[in-house]
Amino acid sequence: MNDPRPVAIGDRPGVLRLLRDAFEGPLEAALVERLWEAKAIVAERLIEDEGVVAYAAVSAVSIGHFGSKEIIGEALGLAPVASASRRQNEGLGAAVVNAAIDTAFKAFPNRLMFVLGDPAYYRRFGFIPASPFGYLWEGGDMGDAFQFLSKHGLVSPYVCPAEESGVTLRAVVFYHDAFSVFNVEN
């Protein structure tokens, strides 16, 4: 297996082809194009073997108070992640995910990283459900599918008990505007 490496400008057509094939549609490819255009990707890795066979990207996300659009912190979001259907179960996806996580945390060591995906898959990378720690996805309650990873031991820097009420204030994670490609009205 080839090692994960950074994505170069010349790799972009292959990345988009992989995303369209892996997700059987154009939305994830459109997302990545929008993220590239906005220069919002902070880490991305691919594996190439007769074409791009695995890809993972990390972009900046914002954290706000529940019920408000006020931004109180910055974090990272892992998405999308893809591997070629013909190359499933070879560890390619895990390799690019690990490489993208490592690259992003080297650049931003004190940030949390969020992902929306299968808990059974992302647990192997250290992700845990976010809602028990007070983090909600802007799109609604996704149960254990909305997860986070901390490489520095700080799990809830933006969540604190409300004064004298014993109720925990919750924080909402907002993904980059490029993710609006998934909104039904678009």
# chains A, B, ... in the order shown; residues from 1 in each chain; ligands from 1
call {"tool": "closest_atom_pairs", "arguments": {"of": "range 52-98 of chain A", "to": "range 120-133 of chain A", "cutoff": "9 Å", "atoms": "only C-alpha atoms", "output": "Markdown table"}}
result
| residue | atom | partner | partner_atom | distance |
| --- | --- | --- | --- | --- |
| A:Ala94 | CA | A:Phe125 | CA | 8.3 |
| A:Val97 | CA | A:Phe125 | CA | 8.2 |
| A:Asn98 | CA | A:Phe125 | CA | 7.2 |
call {"tool": "write_last_selection", "arguments": {"atoms": "N, CA and C atoms", "output": "short mmCIF file (atom, residue, chain, number, x, y, z; two decimals), in the first residue's frame"}}
result
data_model
loop_
_atom_site.label_atom_id
_atom_site.label_comp_id
_atom_site.auth_asym_id
_atom_site.auth_seq_id
_atom_site.Cartn_x
_atom_site.Cartn_y
_atom_site.Cartn_z
N ALA A 94 -8.64 4.14 6.68
CA ALA A 94 -8.03 4.36 8.00
C ALA A 94 -6.69 5.06 7.88
N VAL A 97 -7.35 8.75 7.07
CA VAL A 97 -7.95 9.40 8.24
C VAL A 97 -6.87 9.68 9.29
N ASN A 98 -6.07 8.67 9.61
CA ASN A 98 -5.00 8.88 10.59
C ASN A 98 -4.04 9.98 10.16
#
call {"tool": "residues_around", "arguments": {"residues": "range 27-34 of chain A", "least_positions_apart": "2", "cutoff": "8 Å", "atoms": "only C-alpha atoms", "output": "ChimeraX atom specification"}}
result
/A:15-17,19-20,23,25,36-38,80,178-179,181-182
call {"tool": "write_last_selection", "arguments": {"atoms": "C-alpha atoms", "output": "PDB file, in the first residue's frame"}}
result
ATOM      1  CA  VAL A  15      -9.991  13.355  -5.789  1.00  0.00           C
ATOM      2  CA  LEU A  16     -13.250  14.620  -7.295  1.00  0.00           C
ATOM      3  CA  ARG A  17     -13.620  11.449  -9.389  1.00  0.00           C
ATOM      4  CA  LEU A  19     -15.682  11.305  -4.306  1.00  0.00           C
ATOM      5  CA  ARG A  20     -18.303  11.084  -7.069  1.00  0.00           C
ATOM      6  CA  PHE A  23     -20.658   8.530  -2.761  1.00  0.00           C
ATOM      7  CA  GLY A  25     -23.305  11.336  -6.661  1.00  0.00           C
ATOM      8  CA  TRP A  36     -10.866  24.393  -1.907  1.00  0.00           C
ATOM      9  CA  GLU A  37     -12.301  27.594  -3.354  1.00  0.00           C
ATOM     10  CA  ALA A  38     -12.705  29.066   0.155  1.00  0.00           C
ATOM     11  CA  PRO A  80     -15.350  13.898   3.717  1.00  0.00           C
ATOM     12  CA  ALA A 178     -19.519  25.023   1.945  1.00  0.00           C
ATOM     13  CA  PHE A 179     -21.440  22.236   3.689  1.00  0.00           C
ATOM     14  CA  VAL A 181     -24.343  21.921  -0.546  1.00  0.00           C
ATOM     15  CA  PHE A 182     -26.179  19.216   1.456  1.00  0.00           C
TER      16      PHE A 182
END
call {"tool": "atom_distance", "arguments": {"atom1": "CA of Ala57 in chain A", "atom2": "CA of His152 in chain A"}}
result
20.6 Å
call {"tool": "select_by_dssp", "arguments": {"residues": "chain A", "states": "helix (DSSP H, G or I)", "output": "mmCIF file with N, CA and C atoms, in the first residue's frame"}}
result
data_model
loop_
_atom_site.group_PDB
_atom_site.id
_atom_site.type_symbol
_atom_site.label_atom_id
_atom_site.label_comp_id
_atom_site.auth_asym_id
_atom_site.auth_seq_id
_atom_site.Cartn_x
_atom_site.Cartn_y
_atom_site.Cartn_z
ATOM 1 N N ILE A 9 -2.328 20.278 -6.352
ATOM 2 C CA ILE A 9 -3.317 20.826 -7.295
ATOM 3 C C ILE A 9 -3.625 19.820 -8.410
ATOM 4 N N GLY A 10 -2.605 19.165 -8.921
ATOM 5 C CA GLY A 10 -2.796 18.196 -10.001
ATOM 6 C C GLY A 10 -3.572 16.954 -9.597
ATOM 7 N N ASP A 11 -3.713 16.714 -8.288
ATOM 8 C CA ASP A 11 -4.468 15.556 -7.795
ATOM 9 C C ASP A 11 -5.966 15.810 -7.746
ATOM 10 N N ARG A 12 -6.357 17.073 -7.839
ATOM 11 C CA ARG A 12 -7.752 17.422 -7.597
ATOM 12 C C ARG A 12 -8.755 16.717 -8.512
ATOM 13 N N PRO A 13 -8.509 16.594 -9.813
ATOM 14 C CA PRO A 13 -9.475 15.853 -10.637
ATOM 15 C C PRO A 13 -9.670 14.406 -10.158
ATOM 16 N N GLY A 14 -8.592 13.752 -9.744
ATOM 17 C CA GLY A 14 -8.697 12.384 -9.236
ATOM 18 C C GLY A 14 -9.451 12.309 -7.922
ATOM 19 N N VAL A 15 -9.251 13.302 -7.049
ATOM 20 C CA VAL A 15 -9.991 13.355 -5.789
ATOM 21 C C VAL A 15 -11.483 13.496 -6.075
ATOM 22 N N LEU A 16 -11.834 14.407 -6.969
ATOM 23 C CA LEU A 16 -13.250 14.620 -7.295
ATOM 24 C C LEU A 16 -13.870 13.369 -7.918
ATOM 25 N N ARG A 17 -13.133 12.693 -8.782
ATOM 26 C CA ARG A 17 -13.620 11.449 -9.389
ATOM 27 C C ARG A 17 -13.883 10.406 -8.307
ATOM 28 N N LEU A 18 -12.930 10.251 -7.370
ATOM 29 C CA LEU A 18 -13.113 9.299 -6.275
ATOM 30 C C LEU A 18 -14.363 9.640 -5.469
ATOM 31 N N LEU A 19 -14.528 10.904 -5.118
ATOM 32 C CA LEU A 19 -15.682 11.305 -4.306
ATOM 33 C C LEU A 19 -16.998 11.041 -5.034
ATOM 34 N N ARG A 20 -17.065 11.350 -6.311
ATOM 35 C CA ARG A 20 -18.303 11.084 -7.069
ATOM 36 C C ARG A 20 -18.598 9.587 -7.120
ATOM 37 N N ASP A 21 -17.563 8.791 -7.305
ATOM 38 C CA ASP A 21 -17.758 7.336 -7.376
ATOM 39 C C ASP A 21 -18.096 6.740 -6.016
ATOM 40 N N ALA A 22 -17.346 7.133 -4.993
ATOM 41 C CA ALA A 22 -17.535 6.540 -3.664
ATOM 42 C C ALA A 22 -18.903 6.883 -3.071
ATOM 43 N N LEU A 27 -22.486 15.429 -4.604
ATOM 44 C CA LEU A 27 -22.492 16.371 -3.475
ATOM 45 C C LEU A 27 -21.158 16.478 -2.746
ATOM 46 N N GLU A 28 -20.525 15.367 -2.426
ATOM 47 C CA GLU A 28 -19.250 15.429 -1.707
ATOM 48 C C GLU A 28 -18.166 16.075 -2.564
ATOM 49 N N ALA A 29 -18.187 15.803 -3.866
ATOM 50 C CA ALA A 29 -17.232 16.452 -4.766
ATOM 51 C C ALA A 29 -17.487 17.962 -4.796
ATOM 52 N N ALA A 30 -18.757 18.367 -4.842
ATOM 53 C CA ALA A 30 -19.095 19.792 -4.819
ATOM 54 C C ALA A 30 -18.659 20.428 -3.497
ATOM 55 N N LEU A 31 -18.824 19.696 -2.409
ATOM 56 C CA LEU A 31 -18.372 20.190 -1.100
ATOM 57 C C LEU A 31 -16.880 20.480 -1.126
ATOM 58 N N VAL A 32 -16.092 19.533 -1.580
ATOM 59 C CA VAL A 32 -14.635 19.704 -1.583
ATOM 60 C C VAL A 32 -14.228 20.838 -2.519
ATOM 61 N N GLU A 33 -14.884 20.943 -3.658
ATOM 62 C CA GLU A 33 -14.583 22.074 -4.549
ATOM 63 C C GLU A 33 -14.842 23.407 -3.840
ATOM 64 N N ARG A 34 -15.952 23.488 -3.121
ATOM 65 C CA ARG A 34 -16.272 24.718 -2.377
ATOM 66 C C ARG A 34 -15.250 24.976 -1.274
ATOM 67 N N LEU A 35 -14.839 23.922 -0.589
ATOM 68 C CA LEU A 35 -13.833 24.087 0.471
ATOM 69 C C LEU A 35 -12.496 24.528 -0.113
ATOM 70 N N TRP A 36 -12.102 23.959 -1.247
ATOM 71 C CA TRP A 36 -10.866 24.393 -1.907
ATOM 72 C C TRP A 36 -10.967 25.858 -2.301
ATOM 73 N N GLU A 37 -12.091 26.217 -2.909
ATOM 74 C CA GLU A 37 -12.301 27.594 -3.354
ATOM 75 C C GLU A 37 -12.183 28.578 -2.190
ATOM 76 N N SER A 85 -14.493 1.931 -3.938
ATOM 77 C CA SER A 85 -15.280 0.744 -3.593
ATOM 78 C C SER A 85 -14.524 -0.550 -3.882
ATOM 79 N N ARG A 86 -13.720 -0.555 -4.925
ATOM 80 C CA ARG A 86 -12.961 -1.767 -5.272
ATOM 81 C C ARG A 86 -11.809 -2.033 -4.310
ATOM 82 N N ARG A 87 -11.527 -1.058 -3.435
ATOM 83 C CA ARG A 87 -10.398 -1.170 -2.510
ATOM 84 C C ARG A 87 -10.855 -1.129 -1.046
ATOM 85 N N LEU A 92 -7.125 1.487 3.607
ATOM 86 C CA LEU A 92 -6.796 2.749 2.943
ATOM 87 C C LEU A 92 -7.498 3.935 3.605
ATOM 88 N N GLY A 93 -8.788 3.777 3.889
ATOM 89 C CA GLY A 93 -9.545 4.834 4.554
ATOM 90 C C GLY A 93 -8.946 5.163 5.910
ATOM 91 N N ALA A 94 -8.637 4.144 6.680
ATOM 92 C CA ALA A 94 -8.034 4.356 8.001
ATOM 93 C C ALA A 94 -6.694 5.064 7.878
ATOM 94 N N ALA A 95 -5.928 4.719 6.862
ATOM 95 C CA ALA A 95 -4.610 5.343 6.690
ATOM 96 C C ALA A 95 -4.731 6.837 6.395
ATOM 97 N N VAL A 96 -5.661 7.223 5.496
ATOM 98 C CA VAL A 96 -5.796 8.658 5.197
ATOM 99 C C VAL A 96 -6.444 9.407 6.347
ATOM 100 N N VAL A 97 -7.348 8.754 7.071
ATOM 101 C CA VAL A 97 -7.950 9.403 8.243
ATOM 102 C C VAL A 97 -6.873 9.676 9.289
ATOM 103 N N ASN A 98 -6.071 8.675 9.609
ATOM 104 C CA ASN A 98 -4.997 8.882 10.595
ATOM 105 C C ASN A 98 -4.035 9.978 10.158
ATOM 106 N N ALA A 99 -3.675 9.980 8.879
ATOM 107 C CA ALA A 99 -2.741 10.985 8.376
ATOM 108 C C ALA A 99 -3.354 12.388 8.432
ATOM 109 N N ALA A 100 -4.631 12.510 8.067
ATOM 110 C CA ALA A 100 -5.295 13.820 8.107
ATOM 111 C C ALA A 100 -5.444 14.306 9.550
ATOM 112 N N ILE A 101 -5.800 13.411 10.455
ATOM 113 C CA ILE A 101 -5.912 13.774 11.875
ATOM 114 C C ILE A 101 -4.562 14.261 12.392
ATOM 115 N N ASP A 102 -3.514 13.493 12.135
ATOM 116 C CA ASP A 102 -2.181 13.867 12.618
ATOM 117 C C ASP A 102 -1.745 15.224 12.065
ATOM 118 N N THR A 103 -1.959 15.439 10.774
ATOM 119 C CA THR A 103 -1.569 16.703 10.142
ATOM 120 C C THR A 103 -2.337 17.876 10.741
ATOM 121 N N ALA A 104 -3.642 17.705 10.919
ATOM 122 C CA ALA A 104 -4.470 18.789 11.461
ATOM 123 C C ALA A 104 -4.080 19.123 12.901
ATOM 124 N N PHE A 105 -3.833 18.103 13.715
ATOM 125 C CA PHE A 105 -3.476 18.366 15.116
ATOM 126 C C PHE A 105 -2.059 18.914 15.262
ATOM 127 N N LYS A 106 -1.191 18.640 14.313
ATOM 128 C CA LYS A 106 0.130 19.286 14.351
ATOM 129 C C LYS A 106 -0.014 20.784 14.119
ATOM 130 N N ALA A 107 -0.917 21.159 13.228
ATOM 131 C CA ALA A 107 -1.137 22.574 12.934
ATOM 132 C C ALA A 107 -1.977 23.269 14.004
ATOM 133 N N PRO A 119 -20.261 5.480 14.479
ATOM 134 C CA PRO A 119 -19.433 5.385 15.691
ATOM 135 C C PRO A 119 -18.532 4.148 15.714
ATOM 136 N N ALA A 120 -19.004 3.047 15.176
ATOM 137 C CA ALA A 120 -18.192 1.824 15.179
ATOM 138 C C ALA A 120 -16.922 2.017 14.357
ATOM 139 N N TYR A 121 -16.993 2.795 13.283
ATOM 140 C CA TYR A 121 -15.820 3.043 12.450
ATOM 141 C C TYR A 121 -14.893 4.065 13.098
ATOM 142 N N TYR A 122 -15.433 5.194 13.521
ATOM 143 C CA TYR A 122 -14.593 6.297 14.005
ATOM 144 C C TYR A 122 -14.054 6.098 15.408
ATOM 145 N N ARG A 123 -14.608 5.160 16.159
ATOM 146 C CA ARG A 123 -14.099 4.855 17.506
ATOM 147 C C ARG A 123 -12.640 4.418 17.452
ATOM 148 N N ARG A 124 -12.249 3.719 16.406
ATOM 149 C CA ARG A 124 -10.865 3.218 16.289
ATOM 150 C C ARG A 124 -9.832 4.344 16.250
ATOM 151 N N PHE A 125 -10.289 5.568 15.905
ATOM 152 C CA PHE A 125 -9.391 6.724 15.852
ATOM 153 C C PHE A 125 -9.437 7.539 17.147
ATOM 154 N N SER A 131 -22.448 14.528 22.281
ATOM 155 C CA SER A 131 -23.545 15.112 23.053
ATOM 156 C C SER A 131 -23.409 14.932 24.562
ATOM 157 N N PRO A 132 -22.866 13.826 25.079
ATOM 158 C CA PRO A 132 -22.699 13.747 26.529
ATOM 159 C C PRO A 132 -21.739 14.808 27.093
ATOM 160 N N PHE A 133 -20.942 15.406 26.218
ATOM 161 C CA PHE A 133 -20.008 16.450 26.644
ATOM 162 C C PHE A 133 -20.521 17.844 26.317
ATOM 163 N N GLY A 143 -27.472 11.751 17.716
ATOM 164 C CA GLY A 143 -27.116 10.683 18.637
ATOM 165 C C GLY A 143 -25.614 10.480 18.688
ATOM 166 N N ASP A 144 -25.206 9.236 18.776
ATOM 167 C CA ASP A 144 -23.784 8.917 18.883
ATOM 168 C C ASP A 144 -23.020 9.106 17.575
ATOM 169 N N ALA A 145 -23.711 9.386 16.465
ATOM 170 C CA ALA A 145 -23.027 9.581 15.181
ATOM 171 C C ALA A 145 -22.239 10.892 15.149
ATOM 172 N N ASP A 177 -19.595 27.109 5.604
ATOM 173 C CA ASP A 177 -20.729 27.353 4.713
ATOM 174 C C ASP A 177 -20.730 26.443 3.488
ATOM 175 N N ALA A 178 -19.579 25.942 3.092
ATOM 176 C CA ALA A 178 -19.519 25.023 1.945
ATOM 177 C C ALA A 178 -20.388 23.794 2.152
ATOM 178 N N PHE A 179 -20.621 23.412 3.397
ATOM 179 C CA PHE A 179 -21.440 22.236 3.689
ATOM 180 C C PHE A 179 -22.916 22.468 3.357
ATOM 181 N N SER A 180 -23.293 23.693 3.034
ATOM 182 C CA SER A 180 -24.675 23.974 2.653
ATOM 183 C C SER A 180 -25.049 23.251 1.350
ATOM 184 N N VAL A 181 -24.070 22.705 0.657
ATOM 185 C CA VAL A 181 -24.343 21.921 -0.546
ATOM 186 C C VAL A 181 -25.292 20.757 -0.215
ATOM 187 N N PHE A 182 -25.326 20.332 1.045
ATOM 188 C CA PHE A 182 -26.179 19.216 1.456
ATOM 189 C C PHE A 182 -27.592 19.649 1.830
#
call {"tool": "residues_around", "arguments": {"residues": "Gly73 in chain A", "least_positions_apart": "6", "cutoff": "7 Å", "atoms": "only C-alpha atoms", "output": "ChimeraX atom specification"}}
result
/A:62-64
call {"tool": "residues_around", "arguments": {"residues": "Phe174 in chain A", "least_positions_apart": "4", "cutoff": "10 Å", "atoms": "only C-alpha atoms", "output": "PyMOL selection string"}}
result
chain A and resi 60-64+69+71+74-75+77+136-139+179
call {"tool": "write_last_selection", "arguments": {"atoms": "all heavy atoms", "output": "compact mmCIF listing (two decimals), in the first residue's frame"}}
result
# COMPACT_ATOMS: atom_id res chain seq x y z
N ALA A 60 -11.87 23.79 9.00
CA ALA A 60 -12.17 24.54 10.22
C ALA A 60 -13.67 24.55 10.46
O ALA A 60 -14.46 24.67 9.52
CB ALA A 60 -11.64 25.96 10.10
N VAL A 61 -14.07 24.39 11.71
CA VAL A 61 -15.46 24.54 12.12
C VAL A 61 -15.51 25.51 13.29
O VAL A 61 -14.48 25.78 13.93
CB VAL A 61 -16.13 23.19 12.50
CG1 VAL A 61 -16.08 22.21 11.34
CG2 VAL A 61 -15.49 22.57 13.72
N SER A 62 -16.70 26.04 13.56
CA SER A 62 -16.86 27.01 14.64
C SER A 62 -17.76 26.43 15.72
O SER A 62 -18.62 25.59 15.45
CB SER A 62 -17.50 28.30 14.11
OG SER A 62 -16.68 28.87 13.12
N ILE A 63 -17.55 26.89 16.94
CA ILE A 63 -18.37 26.48 18.06
C ILE A 63 -19.10 27.71 18.59
O ILE A 63 -18.48 28.76 18.79
CB ILE A 63 -17.52 25.84 19.17
CG1 ILE A 63 -16.83 24.58 18.63
CG2 ILE A 63 -18.37 25.51 20.39
CD1 ILE A 63 -15.85 23.94 19.57
N GLY A 64 -20.41 27.57 18.78
CA GLY A 64 -21.21 28.68 19.28
C GLY A 64 -22.07 28.25 20.45
O GLY A 64 -22.25 27.07 20.72
N LYS A 69 -26.01 32.32 17.35
CA LYS A 69 -24.98 32.18 16.30
C LYS A 69 -23.66 32.79 16.76
O LYS A 69 -22.70 32.85 15.99
CB LYS A 69 -25.45 32.87 15.01
CG LYS A 69 -26.57 32.15 14.32
CD LYS A 69 -26.03 31.05 13.45
CE LYS A 69 -27.14 30.47 12.58
NZ LYS A 69 -26.68 29.42 11.73
N ILE A 71 -20.15 33.02 17.90
CA ILE A 71 -19.03 32.08 17.84
C ILE A 71 -18.15 32.28 19.07
O ILE A 71 -17.72 33.39 19.37
CB ILE A 71 -18.21 32.27 16.56
CG1 ILE A 71 -19.11 32.09 15.32
CG2 ILE A 71 -17.01 31.33 16.52
CD1 ILE A 71 -19.83 30.75 15.25
N GLU A 74 -13.09 27.86 18.02
CA GLU A 74 -12.79 27.20 16.74
C GLU A 74 -12.42 25.75 17.00
O GLU A 74 -11.85 25.42 18.03
CB GLU A 74 -11.65 27.92 16.03
CG GLU A 74 -11.95 29.37 15.69
CD GLU A 74 -13.12 29.54 14.73
OE1 GLU A 74 -13.30 28.69 13.83
OE2 GLU A 74 -13.88 30.52 14.88
N ALA A 75 -12.74 24.92 16.04
CA ALA A 75 -12.42 23.49 16.12
C ALA A 75 -12.13 22.99 14.71
O ALA A 75 -11.93 23.80 13.80
CB ALA A 75 -13.58 22.73 16.76
N GLY A 77 -13.19 19.87 11.65
CA GLY A 77 -14.20 18.90 11.22
C GLY A 77 -13.61 17.95 10.19
O GLY A 77 -13.05 18.39 9.18
N LEU A 136 -23.41 19.76 20.28
CA LEU A 136 -24.46 19.39 19.36
C LEU A 136 -24.06 19.80 17.95
O LEU A 136 -23.43 20.83 17.75
CB LEU A 136 -25.77 20.10 19.72
CG LEU A 136 -26.30 19.88 21.12
CD1 LEU A 136 -27.49 20.79 21.38
CD2 LEU A 136 -26.70 18.43 21.30
N TRP A 137 -24.50 19.01 16.96
CA TRP A 137 -24.30 19.37 15.56
C TRP A 137 -25.37 20.38 15.18
O TRP A 137 -26.53 20.27 15.60
CB TRP A 137 -24.39 18.13 14.70
CG TRP A 137 -24.30 18.37 13.23
CD1 TRP A 137 -23.33 19.04 12.57
CD2 TRP A 137 -25.22 17.93 12.23
NE1 TRP A 137 -23.57 19.05 11.22
CE2 TRP A 137 -24.73 18.37 10.99
CE3 TRP A 137 -26.40 17.21 12.27
CZ2 TRP A 137 -25.39 18.11 9.79
CZ3 TRP A 137 -27.05 16.94 11.08
CH2 TRP A 137 -26.55 17.39 9.86
N GLU A 138 -25.01 21.38 14.38
CA GLU A 138 -25.94 22.42 13.98
C GLU A 138 -27.17 21.87 13.27
O GLU A 138 -28.23 22.50 13.27
CB GLU A 138 -25.26 23.46 13.08
CG GLU A 138 -24.83 22.89 11.74
CD GLU A 138 -24.14 23.91 10.86
OE1 GLU A 138 -24.75 24.94 10.54
OE2 GLU A 138 -22.97 23.67 10.50
N GLY A 139 -27.07 20.70 12.67
CA GLY A 139 -28.19 20.11 11.93
C GLY A 139 -29.18 19.36 12.79
O GLY A 139 -30.18 18.86 12.28
N PHE A 179 -20.62 23.41 3.40
CA PHE A 179 -21.44 22.24 3.69
C PHE A 179 -22.92 22.47 3.36
O PHE A 179 -23.70 21.53 3.37
CB PHE A 179 -21.26 21.81 5.15
CG PHE A 179 -19.98 21.06 5.39
CD1 PHE A 179 -18.80 21.74 5.56
CD2 PHE A 179 -19.96 19.68 5.44
CE1 PHE A 179 -17.60 21.07 5.78
CE2 PHE A 179 -18.77 18.99 5.65
CZ PHE A 179 -17.60 19.68 5.82
call {"tool": "closest_residue", "arguments": {"among": "A:Phe66, A:Gly91, A:Ala79, A:Ile41", "to": "Ala54 in chain A", "atoms": "only C-alpha atoms"}}
result
A:Gly91
